[in-house]
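Visitor: Dropping a structure here in structure tokens format, bear with me for questions.
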Amino acid sequence: MTRYETETRREEQIEESVAESQGNAAMAMTTTDRSPMLEISNAMVRLYKEAFGRGPTKARAQFAGHDTLVVILESSLTVAERNLVAMGEHQRLREARLFFQYALEDQFRGIVEQALGRRTIAFISGIDAARDVAMEIFTLEPSESDGSTPSEP
């Protein structure tokens with residue numbers, strides 16, 4: 001076998017291995033329960049897409065302490081919204097976007113409550129229009145395992 005044939009065969013083996021591992025990963029995702037953070041991130045992307053016509057290209061959910069969840073959504077602005085940014089109309093864009101985000105508050109809370117099995121007691125939404133980053137922040141009712149008592153609304 002020539003050196004070229006050996007390198008070609010090695011590349012084919014690597015490609016087959018990568019394809020097989022990707023297939024196994026996809027199968028694992030369908031046969032096992034998804035993580036609550038992945039479930040929340042994916043549901044937020046779907047809700048953004050339904051509400052604004054375009055979903056974020058990056059989304060991640062993570063805890064910031066025991067009772068605070070932060071969902072960071074990047075690159076969600078529509079073409080029209082990006083045009084507002086280009087014209088320097090950041091405040092106008094923020095006001096419009098936040099109006100819709102708070103109109104969807106019950107749906108945002110529902111996503112988190114369903115995925116985590118905990119009630120949300122506060123919701124804060126914000127956007128940095130210049131950098132196309134939005135955040136949805138949730139304060140959760142303390143879990144029974146942390147020994148705290150639930151806050152009064």
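Ordered as shown in the structure tokens, chains take letters A, B, and onward, while each chain numbers its residues from 1 and ligands are numbered from 1 in the order shown.
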Near stretch 125-131 of chain A, within 7 Å and counting only C-alpha atoms, which residues show up once chain neighbours fewer than 5 positions away are dropped, as a list of chain:residue names?
Guide: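 Contacts, with the query itself left out: A:Val85, A:His90, A:Arg94, A:Leu98, A:Gln101, A:Glu136, A:Ile137.
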Visitor: Could you pull out the strand (DSSP E or B) residues of stretch 33-129 of chain A, going by DSSP on the backbone, and write them as a list in words?
Guide: Lys58, Ala59, Arg60, Ala61, Gln62, Phe63, Thr68, Leu69, Val70, Val71, Ile72, Leu73, Glu74, Thr120, Ile121, Ala122, Phe123, Ile124, Ser125, Gly126, Ile127 and Asp128 of chain A
Visitor: Compare A:Ala61, A:Val71, A:Leu93, A:Ala51 by their minimum atom-to-atom distance to A:Ile124, counting only C-alpha atoms, and give me the closest one.
Guide: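 Smallest distance to A:Ile124 is found for A:Val71.
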Visitor: What's around A:Thr68 at 10 Å? Count only C-alpha atoms, leave out sequence neighbours fewer than 2 positions away in its own chain, and write the answer as an mmCIF file with N, CA and C atoms, in the first residue's frame.
Guide:
data_model
loop_
_atom_site.group_PDB
_atom_site.id
_atom_site.type_symbol
_atom_site.label_atom_id
_atom_site.label_comp_id
_atom_site.auth_asym_id
_atom_site.auth_seq_id
_atom_site.Cartn_x
_atom_site.Cartn_y
_atom_site.Cartn_z
ATOM 1 N N GLN A 62 -28.519 28.431 32.738
ATOM 2 C CA GLN A 62 -27.668 27.979 33.832
ATOM 3 C C GLN A 62 -28.122 28.615 35.138
ATOM 4 N N PHE A 63 -27.840 27.902 36.218
ATOM 5 C CA PHE A 63 -28.173 28.433 37.526
ATOM 6 C C PHE A 63 -27.133 29.456 37.951
ATOM 7 N N ALA A 64 -27.600 30.478 38.651
ATOM 8 C CA ALA A 64 -26.734 31.472 39.289
ATOM 9 C C ALA A 64 -27.113 31.432 40.764
ATOM 10 N N GLY A 65 -26.685 30.409 41.440
ATOM 11 C CA GLY A 65 -27.105 30.152 42.813
ATOM 12 C C GLY A 65 -28.202 29.101 42.810
ATOM 13 N N HIS A 66 -28.760 28.819 43.983
ATOM 14 C CA HIS A 66 -29.760 27.758 44.113
ATOM 15 C C HIS A 66 -31.107 28.111 43.504
ATOM 16 N N VAL A 70 -30.643 31.821 34.864
ATOM 17 C CA VAL A 70 -30.371 32.814 33.830
ATOM 18 C C VAL A 70 -30.364 32.094 32.487
ATOM 19 N N THR A 120 -41.865 29.635 39.582
ATOM 20 C CA THR A 120 -41.094 30.874 39.467
ATOM 21 C C THR A 120 -41.800 31.941 40.294
ATOM 22 N N ALA A 122 -40.321 35.266 40.374
ATOM 23 C CA ALA A 122 -39.982 36.545 39.754
ATOM 24 C C ALA A 122 -39.424 36.284 38.359
ATOM 25 N N PHE A 123 -39.655 37.267 37.477
ATOM 26 C CA PHE A 123 -39.190 37.181 36.094
ATOM 27 C C PHE A 123 -38.655 38.541 35.672
ATOM 28 N N ILE A 137 -34.300 36.114 33.192
ATOM 29 C CA ILE A 137 -33.841 35.735 34.532
ATOM 30 C C ILE A 137 -35.053 35.363 35.371
ATOM 31 N N PHE A 138 -34.936 34.251 36.066
ATOM 32 C CA PHE A 138 -36.043 33.732 36.866
ATOM 33 C C PHE A 138 -35.564 33.495 38.293
ATOM 34 N N THR A 139 -36.352 33.964 39.255
ATOM 35 C CA THR A 139 -36.139 33.600 40.642
ATOM 36 C C THR A 139 -37.126 32.485 40.929
ATOM 37 N N LEU A 140 -36.613 31.402 41.468
ATOM 38 C CA LEU A 140 -37.428 30.222 41.714
ATOM 39 C C LEU A 140 -37.787 30.101 43.179
ATOM 40 N N GLU A 141 -38.944 29.510 43.418
ATOM 41 C CA GLU A 141 -39.326 29.210 44.785
ATOM 42 C C GLU A 141 -38.267 28.261 45.344
ATOM 43 N N PRO A 142 -37.814 28.505 46.568
ATOM 44 C CA PRO A 142 -36.782 27.622 47.118
ATOM 45 C C PRO A 142 -37.224 26.158 47.078
#
